[in-house]
Each structure stands twice: as structure tokens, then as C-alpha cells.
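K.L.:
What follows is start_1.cif, mmCIF, N, CA and C atoms and all ligand atoms.
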```cif
data_input
#
loop_
_atom_site.label_atom_id
_atom_site.label_comp_id
_atom_site.auth_asym_id
_atom_site.auth_seq_id
_atom_site.Cartn_x
_atom_site.Cartn_y
_atom_site.Cartn_z
N MET A 539 -10.43 23.84 69.64
CA MET A 539 -11.91 23.85 69.68
C MET A 539 -12.44 24.31 68.33
N THR A 540 -13.09 23.41 67.61
CA THR A 540 -13.49 23.73 66.24
C THR A 540 -14.65 24.70 66.19
N ASP A 541 -15.40 24.85 67.29
CA ASP A 541 -16.53 25.78 67.27
C ASP A 541 -16.15 27.15 67.81
N CYS A 542 -14.86 27.36 68.04
CA CYS A 542 -14.39 28.65 68.57
C CYS A 542 -13.86 29.50 67.41
N LEU A 543 -14.41 30.68 67.25
CA LEU A 543 -14.02 31.57 66.16
C LEU A 543 -12.52 31.84 66.15
N PHE A 544 -11.95 32.17 67.31
CA PHE A 544 -10.53 32.53 67.32
C PHE A 544 -9.64 31.30 67.15
N CYS A 545 -10.06 30.14 67.63
CA CYS A 545 -9.30 28.92 67.33
C CYS A 545 -9.30 28.66 65.82
N ARG A 546 -10.40 28.96 65.17
CA ARG A 546 -10.47 28.75 63.72
C ARG A 546 -9.58 29.76 62.98
N ILE A 547 -9.48 30.98 63.50
CA ILE A 547 -8.56 31.96 62.92
C ILE A 547 -7.12 31.49 63.13
N VAL A 548 -6.80 31.01 64.35
CA VAL A 548 -5.46 30.50 64.63
C VAL A 548 -5.12 29.36 63.67
N ALA A 549 -6.10 28.51 63.38
CA ALA A 549 -5.89 27.36 62.50
C ALA A 549 -5.83 27.75 61.02
N GLY A 550 -6.14 29.01 60.72
CA GLY A 550 -6.12 29.47 59.34
C GLY A 550 -7.38 29.13 58.57
N GLU A 551 -8.41 28.71 59.28
CA GLU A 551 -9.67 28.33 58.62
C GLU A 551 -10.54 29.54 58.30
N ILE A 552 -10.33 30.63 59.04
CA ILE A 552 -11.06 31.88 58.81
C ILE A 552 -10.00 32.96 58.63
N PRO A 553 -10.13 33.77 57.56
CA PRO A 553 -9.09 34.77 57.31
C PRO A 553 -9.11 35.90 58.33
N ALA A 554 -7.95 36.45 58.59
CA ALA A 554 -7.82 37.61 59.47
C ALA A 554 -6.57 38.37 59.04
N THR A 555 -6.54 39.63 59.41
CA THR A 555 -5.34 40.43 59.15
C THR A 555 -4.41 40.26 60.35
N VAL A 556 -3.40 39.43 60.15
CA VAL A 556 -2.48 39.07 61.23
C VAL A 556 -1.32 40.06 61.25
N VAL A 557 -1.11 40.71 62.39
CA VAL A 557 -0.01 41.67 62.48
C VAL A 557 1.18 41.11 63.27
N ILE A 558 0.94 40.12 64.11
CA ILE A 558 2.02 39.41 64.81
C ILE A 558 1.67 37.93 64.81
N ASP A 559 2.66 37.11 64.49
CA ASP A 559 2.48 35.65 64.56
C ASP A 559 3.69 35.07 65.26
N GLU A 560 3.50 34.64 66.50
CA GLU A 560 4.57 34.05 67.30
C GLU A 560 4.14 32.64 67.69
N PRO A 561 5.06 31.83 68.20
CA PRO A 561 4.70 30.45 68.52
C PRO A 561 3.49 30.33 69.47
N GLU A 562 3.38 31.25 70.41
CA GLU A 562 2.34 31.13 71.44
C GLU A 562 1.11 31.99 71.19
N LEU A 563 1.21 32.98 70.27
CA LEU A 563 0.12 33.96 70.14
C LEU A 563 0.07 34.54 68.75
N ILE A 564 -1.07 35.16 68.45
CA ILE A 564 -1.19 36.00 67.26
C ILE A 564 -1.83 37.32 67.67
N ALA A 565 -1.63 38.33 66.83
CA ALA A 565 -2.35 39.60 66.96
C ALA A 565 -3.03 39.86 65.63
N ILE A 566 -4.33 40.20 65.69
CA ILE A 566 -5.11 40.42 64.47
C ILE A 566 -5.84 41.75 64.56
N ARG A 567 -6.09 42.36 63.43
CA ARG A 567 -6.93 43.56 63.39
C ARG A 567 -8.37 43.17 63.68
N ASP A 568 -9.03 43.94 64.55
CA ASP A 568 -10.44 43.68 64.84
C ASP A 568 -11.26 43.96 63.58
N VAL A 569 -12.21 43.09 63.29
CA VAL A 569 -13.02 43.20 62.08
C VAL A 569 -14.00 44.38 62.17
N ASN A 570 -14.26 44.84 63.38
CA ASN A 570 -15.19 45.95 63.60
C ASN A 570 -14.50 46.99 64.50
N PRO A 571 -13.51 47.69 63.95
CA PRO A 571 -12.64 48.52 64.79
C PRO A 571 -13.39 49.67 65.48
N GLN A 572 -13.05 49.85 66.75
CA GLN A 572 -13.65 50.92 67.56
C GLN A 572 -12.71 52.11 67.72
N ALA A 573 -11.58 52.06 67.08
CA ALA A 573 -10.60 53.14 67.11
C ALA A 573 -9.69 52.94 65.91
N PRO A 574 -8.91 53.96 65.52
CA PRO A 574 -8.02 53.80 64.36
C PRO A 574 -7.09 52.58 64.49
N THR A 575 -6.58 52.35 65.69
CA THR A 575 -5.90 51.08 65.97
C THR A 575 -6.81 50.25 66.86
N HIS A 576 -7.18 49.07 66.38
CA HIS A 576 -7.95 48.13 67.22
C HIS A 576 -7.47 46.73 66.85
N VAL A 577 -6.59 46.25 67.70
CA VAL A 577 -5.95 44.95 67.46
C VAL A 577 -6.26 44.04 68.64
N LEU A 578 -6.42 42.76 68.36
CA LEU A 578 -6.67 41.75 69.39
C LEU A 578 -5.46 40.84 69.49
N VAL A 579 -4.91 40.73 70.70
CA VAL A 579 -3.79 39.81 70.94
C VAL A 579 -4.36 38.58 71.64
N LEU A 580 -4.14 37.41 71.06
CA LEU A 580 -4.76 36.21 71.63
C LEU A 580 -3.79 35.03 71.61
N PRO A 581 -3.88 34.19 72.64
CA PRO A 581 -3.04 32.99 72.66
C PRO A 581 -3.53 31.99 71.62
N LYS A 582 -2.60 31.21 71.07
CA LYS A 582 -3.02 30.15 70.14
C LYS A 582 -3.76 29.05 70.89
N GLU A 583 -3.36 28.85 72.14
CA GLU A 583 -4.05 27.88 73.00
C GLU A 583 -5.43 28.42 73.36
N HIS A 584 -6.43 27.54 73.38
CA HIS A 584 -7.77 27.99 73.76
C HIS A 584 -7.86 28.16 75.27
N ILE A 585 -7.94 29.41 75.69
CA ILE A 585 -8.19 29.77 77.09
C ILE A 585 -9.41 30.66 77.07
N GLU A 586 -10.40 30.36 77.90
CA GLU A 586 -11.69 31.02 77.75
C GLU A 586 -11.63 32.52 78.01
N SER A 587 -10.95 32.91 79.05
CA SER A 587 -10.87 34.34 79.36
C SER A 587 -9.70 34.58 80.30
N ALA A 588 -9.45 35.85 80.60
CA ALA A 588 -8.38 36.20 81.54
C ALA A 588 -8.65 35.64 82.92
N ALA A 589 -9.91 35.33 83.20
CA ALA A 589 -10.25 34.76 84.50
C ALA A 589 -9.71 33.34 84.66
N GLU A 590 -9.35 32.70 83.54
CA GLU A 590 -8.83 31.33 83.58
C GLU A 590 -7.32 31.28 83.72
N LEU A 591 -6.67 32.45 83.70
CA LEU A 591 -5.20 32.46 83.77
C LEU A 591 -4.73 32.12 85.18
N SER A 592 -3.65 31.36 85.25
CA SER A 592 -3.06 31.03 86.55
C SER A 592 -1.54 31.11 86.42
N ALA A 593 -0.85 30.70 87.46
CA ALA A 593 0.60 30.87 87.51
C ALA A 593 1.29 30.19 86.32
N GLU A 594 0.72 29.10 85.83
CA GLU A 594 1.34 28.39 84.71
C GLU A 594 1.34 29.23 83.43
N HIS A 595 0.48 30.25 83.39
CA HIS A 595 0.37 31.09 82.20
C HIS A 595 1.18 32.39 82.32
N ARG A 596 2.03 32.46 83.35
CA ARG A 596 2.76 33.71 83.60
C ARG A 596 3.53 34.17 82.36
N ASP A 597 4.27 33.25 81.74
CA ASP A 597 5.08 33.63 80.58
C ASP A 597 4.19 34.01 79.39
N LEU A 598 3.08 33.27 79.24
CA LEU A 598 2.15 33.56 78.14
C LEU A 598 1.56 34.96 78.30
N TRP A 599 1.15 35.30 79.51
CA TRP A 599 0.55 36.62 79.74
C TRP A 599 1.58 37.72 79.50
N ALA A 600 2.82 37.47 79.93
CA ALA A 600 3.88 38.45 79.68
C ALA A 600 4.10 38.62 78.18
N ALA A 601 4.02 37.53 77.44
CA ALA A 601 4.20 37.60 75.98
C ALA A 601 3.04 38.36 75.33
N ILE A 602 1.84 38.18 75.86
CA ILE A 602 0.67 38.90 75.33
C ILE A 602 0.85 40.41 75.56
N LEU A 603 1.30 40.78 76.75
CA LEU A 603 1.53 42.20 77.04
C LEU A 603 2.64 42.76 76.16
N ALA A 604 3.70 41.99 75.96
CA ALA A 604 4.80 42.46 75.11
C ALA A 604 4.31 42.64 73.67
N ALA A 605 3.47 41.74 73.20
CA ALA A 605 2.92 41.86 71.85
C ALA A 605 2.06 43.11 71.73
N ALA A 606 1.28 43.40 72.78
CA ALA A 606 0.46 44.61 72.77
C ALA A 606 1.34 45.85 72.68
N GLN A 607 2.45 45.85 73.41
CA GLN A 607 3.39 46.98 73.33
C GLN A 607 3.95 47.12 71.92
N HIS A 608 4.27 45.98 71.31
CA HIS A 608 4.84 46.02 69.95
C HIS A 608 3.82 46.55 68.94
N VAL A 609 2.56 46.16 69.11
CA VAL A 609 1.50 46.67 68.23
C VAL A 609 1.42 48.19 68.36
N ALA A 610 1.44 48.68 69.60
CA ALA A 610 1.33 50.12 69.84
C ALA A 610 2.51 50.86 69.20
N GLN A 611 3.70 50.28 69.33
CA GLN A 611 4.88 50.91 68.73
C GLN A 611 4.78 50.88 67.21
N ALA A 612 4.37 49.75 66.66
CA ALA A 612 4.30 49.60 65.20
C ALA A 612 3.26 50.54 64.60
N ASP A 613 2.16 50.77 65.33
CA ASP A 613 1.10 51.66 64.83
C ASP A 613 1.35 53.12 65.22
N GLY A 614 2.44 53.37 65.96
CA GLY A 614 2.81 54.74 66.31
C GLY A 614 1.89 55.40 67.32
N ILE A 615 1.27 54.59 68.19
CA ILE A 615 0.37 55.16 69.20
C ILE A 615 0.98 55.09 70.59
N ASP A 616 2.19 54.59 70.69
CA ASP A 616 2.78 54.37 72.02
C ASP A 616 3.12 55.68 72.73
N ARG A 617 3.46 56.71 71.98
CA ARG A 617 3.83 57.98 72.63
C ARG A 617 2.60 58.70 73.17
N ASP A 618 1.52 58.71 72.40
CA ASP A 618 0.30 59.41 72.85
C ASP A 618 -0.44 58.63 73.92
N GLY A 619 -0.32 57.32 73.87
CA GLY A 619 -1.03 56.47 74.82
C GLY A 619 -2.14 55.69 74.14
N TYR A 620 -2.56 54.66 74.80
CA TYR A 620 -3.55 53.74 74.22
C TYR A 620 -4.21 52.98 75.35
N ARG A 621 -5.14 52.09 75.01
CA ARG A 621 -5.88 51.35 76.03
C ARG A 621 -5.78 49.86 75.78
N LEU A 622 -5.56 49.12 76.86
CA LEU A 622 -5.62 47.65 76.82
C LEU A 622 -6.86 47.22 77.59
N VAL A 623 -7.64 46.33 76.98
CA VAL A 623 -8.90 45.88 77.58
C VAL A 623 -9.01 44.37 77.45
N ALA A 624 -9.40 43.72 78.54
CA ALA A 624 -9.77 42.30 78.49
C ALA A 624 -11.17 42.18 79.07
N ASN A 625 -12.15 41.98 78.21
CA ASN A 625 -13.52 41.76 78.68
C ASN A 625 -13.64 40.33 79.19
N ILE A 626 -14.35 40.17 80.30
CA ILE A 626 -14.48 38.84 80.91
C ILE A 626 -15.96 38.55 81.18
N GLY A 627 -16.45 37.50 80.52
CA GLY A 627 -17.79 37.02 80.81
C GLY A 627 -18.90 37.93 80.30
N ARG A 628 -20.12 37.53 80.59
CA ARG A 628 -21.29 38.23 80.05
C ARG A 628 -21.34 39.69 80.49
N ALA A 629 -21.27 39.93 81.80
CA ALA A 629 -21.38 41.30 82.29
C ALA A 629 -20.16 42.13 81.91
N GLY A 630 -19.04 41.46 81.64
CA GLY A 630 -17.84 42.17 81.20
C GLY A 630 -17.89 42.53 79.73
N GLY A 631 -18.91 42.04 79.02
CA GLY A 631 -19.06 42.37 77.61
C GLY A 631 -18.28 41.46 76.68
N GLN A 632 -17.84 40.30 77.17
CA GLN A 632 -17.08 39.38 76.32
C GLN A 632 -18.03 38.67 75.36
N THR A 633 -17.73 38.74 74.07
CA THR A 633 -18.58 38.11 73.05
C THR A 633 -17.91 36.92 72.39
N VAL A 634 -16.59 36.86 72.43
CA VAL A 634 -15.86 35.70 71.90
C VAL A 634 -15.15 35.04 73.09
N GLN A 635 -15.50 33.79 73.33
CA GLN A 635 -15.05 33.12 74.57
C GLN A 635 -13.68 32.47 74.38
N HIS A 636 -12.75 33.27 73.89
CA HIS A 636 -11.34 32.86 73.73
C HIS A 636 -10.54 34.11 74.11
N LEU A 637 -9.76 33.99 75.16
CA LEU A 637 -9.01 35.13 75.70
C LEU A 637 -8.41 36.01 74.62
N HIS A 638 -8.64 37.31 74.74
CA HIS A 638 -8.01 38.26 73.82
C HIS A 638 -7.86 39.59 74.54
N LEU A 639 -6.76 40.26 74.26
CA LEU A 639 -6.48 41.57 74.81
C LEU A 639 -6.67 42.59 73.69
N HIS A 640 -7.62 43.52 73.91
CA HIS A 640 -7.83 44.58 72.93
C HIS A 640 -6.74 45.64 73.08
N VAL A 641 -6.18 46.07 71.96
CA VAL A 641 -5.27 47.23 71.93
C VAL A 641 -6.00 48.31 71.13
N LEU A 642 -6.35 49.40 71.81
CA LEU A 642 -7.15 50.46 71.20
C LEU A 642 -6.39 51.77 71.29
N GLY A 643 -6.34 52.50 70.18
CA GLY A 643 -5.67 53.79 70.22
C GLY A 643 -5.79 54.53 68.91
N GLY A 644 -5.11 55.66 68.85
CA GLY A 644 -5.19 56.49 67.66
C GLY A 644 -6.26 57.56 67.78
N ARG A 645 -6.94 57.59 68.90
CA ARG A 645 -7.90 58.66 69.22
C ARG A 645 -7.91 58.81 70.73
N GLN A 646 -8.53 59.90 71.20
CA GLN A 646 -8.68 60.08 72.65
C GLN A 646 -9.71 59.08 73.17
N MET A 647 -9.29 58.21 74.05
CA MET A 647 -10.21 57.27 74.66
C MET A 647 -10.95 57.97 75.80
N THR A 648 -12.17 57.56 76.05
CA THR A 648 -12.97 58.22 77.08
C THR A 648 -13.22 57.28 78.25
N TRP A 649 -13.65 57.86 79.35
CA TRP A 649 -13.94 57.10 80.55
C TRP A 649 -15.15 57.69 81.22
N PRO A 650 -16.12 56.96 81.74
CA PRO A 650 -16.11 55.50 81.80
C PRO A 650 -16.46 54.85 80.46
N PRO A 651 -15.97 53.61 80.26
CA PRO A 651 -16.36 52.87 79.05
C PRO A 651 -17.82 52.45 79.17
N GLY A 652 -18.41 52.07 78.09
CA GLY A 652 -19.83 51.70 78.09
C GLY A 652 -20.08 50.39 78.80
P1 LIG B 1 -15.09 40.87 73.07
O1 LIG B 1 -16.42 41.54 72.97
O2 LIG B 1 -14.19 41.45 74.10
O3 LIG B 1 -15.26 39.37 73.22
O4 LIG B 1 -14.36 41.15 71.69
C1 LIG B 1 -14.53 40.35 70.56
C2 LIG B 1 -14.01 41.15 69.40
O5 LIG B 1 -13.81 40.28 68.31
C3 LIG B 1 -14.96 42.24 68.92
O6 LIG B 1 -14.32 43.51 69.02
C4 LIG B 1 -15.26 41.85 67.49
O7 LIG B 1 -15.38 42.97 66.63
C5 LIG B 1 -14.06 41.00 67.14
N1 LIG B 1 -14.27 40.03 66.08
C6 LIG B 1 -15.35 39.26 65.87
N2 LIG B 1 -15.16 38.47 64.80
C7 LIG B 1 -13.92 38.76 64.32
C8 LIG B 1 -13.15 38.29 63.22
N3 LIG B 1 -13.60 37.34 62.39
N4 LIG B 1 -11.91 38.83 63.02
C9 LIG B 1 -11.44 39.79 63.83
N5 LIG B 1 -12.12 40.27 64.91
C10 LIG B 1 -13.35 39.77 65.13
ZN ZN B 2 -10.60 29.16 71.02
#
```
Step by step, read the file and then write its structure as C-alpha cells.
P.N.:
Amino acid sequence: MTDCLFCRIVAGEIPATVVIDEPELIAIRDVNPQAPTHVLVLPKEHIESAAELSAEHRDLWAAILAAAQHVAQADGIDRDGYRLVANIGRAGGQTVQHLHLHVLGGRQMTWPPG
């Protein structure tokens, strides 16, 4: 999808700080970080949100979770703990309509989120 920001990042048309590049997914540093570690793990395939995932995406979702774990380990936040977030739709606060899992850490996260 040429009008999708994250598809354009996947295609290399828009620069990003890529921390993981695998056949099915990439992980990039968020351009507006909300914590010392703020990385987005996203499939290369355009999937609108986590609400669109089905059984056929089981391996992809497992790979996204594994990538999130690797990011946490690489940034040294895995021992203290961190947060994984998938915003879905308007009320969920999703602003980019291409599935992405936020990896947030490096500070004490609070609850409830905004
Ligand atoms: P969400 O609100 O869950 O859809 O999250 C979208 C995230 O994408 C936000 O945290 C933005 O800061 C981030 N973002 C927007 N544009 C870029 C970009 N060009 N590179 C990296 N992250 C971005
Ligand atoms: Zn896309």
C-alpha cells in the first residue's frame, strides 16, 4: 500500500532506525519515543491492526512476539520488565493503520494508560 507510512518504511522509501530486519517483519525505533526504549515491531505485509489477525497469522504473530523479546534483551530492559502495546482502531488510539506492537521500557510504566 503506497499510502501507508509503515509500508513505505518497509519498502525503504522513508528512512527509519531499523533494529531487526527479518523476512516477515521489521522492528524500528519510534520517531517520538515515549520511553527510553520505544520500538515498533511490524509485519512487512500490510495488516491493518491486531483485530485483523486470524489463524493463518499464527506464525507471524509468534515471530512478532519473539522479535519484541529480542528487542527487550538487546536494550537490556528484559530483567526489569517492559510493556507491549497494540493499539486498535480510533478508540484504541491507533494512528498508523498498519499493525505494530509497541515495545516500551527503560522507565517505570504506569497504569492506567491514557
Ligand atoms: P499508534 O498510535 O499505536 O498507531 O502508534 C504509531 C506510532 O508510530 C507512534 O508512536 C508514532 O510516534 C510512530 N511513528 C509515526 N511516524 C513514524 C516514523 N516515520 N518512524 C517511526 N515511528 C513513527
Ligand atoms: Zn502498510
K.L.:
Could you state the separation of atom C of Val634 (chain A) and CA of Arg617 (chain A) in Å, given to one decimal place?
P.N.:
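Between these atoms lies a distance of 29.8 Å.
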K.L.:
Which distance in Å separates CA of Ile566 (chain A) and atom O7 of ligand LIG 1 (chain B), to one decimal?
P.N.:
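Pair CA of Ile566 (chain A) / atom O7 of ligand LIG 1 (chain B) returns 10.8 Å.
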K.L.:
Dump as a tab-separated table the rows for residues of chain A within 8 Å of ligand LIG 1 (chain B): closest atom pair and distance in Å with one decimal, only N, CA and C atoms and all ligand atoms counted, ordered by chain and rising residue number.
P.N.:
```
residue	atom	partner	partner_atom	distance
A:Leu543	C	B:LIG1	N3	6.7
A:Phe544	N	B:LIG1	N3	7.3
A:Ile547	CA	B:LIG1	N3	7.4
A:Ile552	C	B:LIG1	N3	6.8
A:Pro553	C	B:LIG1	N4	6.2
A:Ala554	CA	B:LIG1	N4	5.6
A:Thr555	N	B:LIG1	N4	6.5
A:Ile566	C	B:LIG1	C9	6.0
A:Arg567	C	B:LIG1	C9	4.6
A:Asp568	CA	B:LIG1	N5	3.8
A:Val569	N	B:LIG1	N5	3.3
A:Asn570	N	B:LIG1	O7	3.9
A:Pro571	N	B:LIG1	O7	5.7
A:Gln572	N	B:LIG1	O6	6.9
A:His576	C	B:LIG1	O6	7.9
A:Val577	C	B:LIG1	N5	7.9
A:Leu578	N	B:LIG1	N5	7.1
A:Val623	C	B:LIG1	O2	6.8
A:Ala624	C	B:LIG1	O2	5.9
A:Asn625	N	B:LIG1	O2	4.6
A:Ile626	N	B:LIG1	O2	6.3
A:Gly627	N	B:LIG1	O3	7.6
A:Gly630	C	B:LIG1	O2	6.8
A:Gly631	C	B:LIG1	O1	4.2
A:Gln632	C	B:LIG1	O3	3.6
A:Thr633	N	B:LIG1	O3	2.7
A:Val634	N	B:LIG1	O3	2.9
A:Gln635	N	B:LIG1	O3	5.6
A:His636	N	B:LIG1	O3	6.6
A:Leu637	C	B:LIG1	O3	7.8
A:His638	C	B:LIG1	O2	6.6
A:Leu639	N	B:LIG1	O2	7.5
A:His640	N	B:LIG1	O2	6.9
```
K.L.:
Using only N, CA and C atoms, give me every residue within 6 Å of (-8.5, 23.9, 64.0) in file coordinates, as a PyMOL selection string.
P.N.:
chain A and resi 539-540+545-546+549
K.L.:
Could you state the separation of atom C of Leu563 (chain A) and atom C of Gly614 (chain A) in Å, given to one decimal place?
P.N.:
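Between atom C of Leu563 (chain A) and atom C of Gly614 (chain A) the gap is 21.0 Å.
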K.L.:
Taking only N, CA and C atoms into account, which of A:Ile558, A:Trp649, A:Arg621, A:Ile585 comes nearest Ala605 (chain A)?
P.N.:
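Once distances to Ala605 (chain A) are computed over only N, CA and C atoms, the minimum belongs to A:Ile558.
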K.L.:
From chain A, collect each residue whose DSSP state is strand (DSSP E or B) and return the set as a PyMOL selection string.
P.N.:
chain A and resi 556-559+563-567+575-581+620-623+639-643
K.L.:
Given the choices A:Val556, A:Val641, A:Ala565, A:Leu580, which gets closest to ligand ZN 2 (chain B) if the distance is worked out from only C-alpha atoms and all ligand atoms?
P.N.:
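Going through A:Val556, A:Val641, A:Ala565, A:Leu580 one by one, the smallest distance to ligand ZN 2 (chain B) is for A:Leu580.
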K.L.:
How big is the axis-aligned box around the listed atoms of region 603-606 of chain A once 5 Å is added on each side, and where is its centre? Give both in Å to one decimal, as lines of an AutoDock Vina configuration file.
P.N.:
```
center_x = 2.6
center_y = 43.3
center_z = 74.4
size_x = 14.3
size_y = 15.1
size_z = 15.3
```
K.L.:
Which polymer residues have any atom within 6.5 Å of an atom of Lys582 (chain A), counting all atoms listed in the file, with same-chain residues fewer than 6 positions away left out, as a list in words?
P.N.:
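In the requested form, the answer reads Val548, Pro561, Glu562, Leu563 and Ile564 of chain A.
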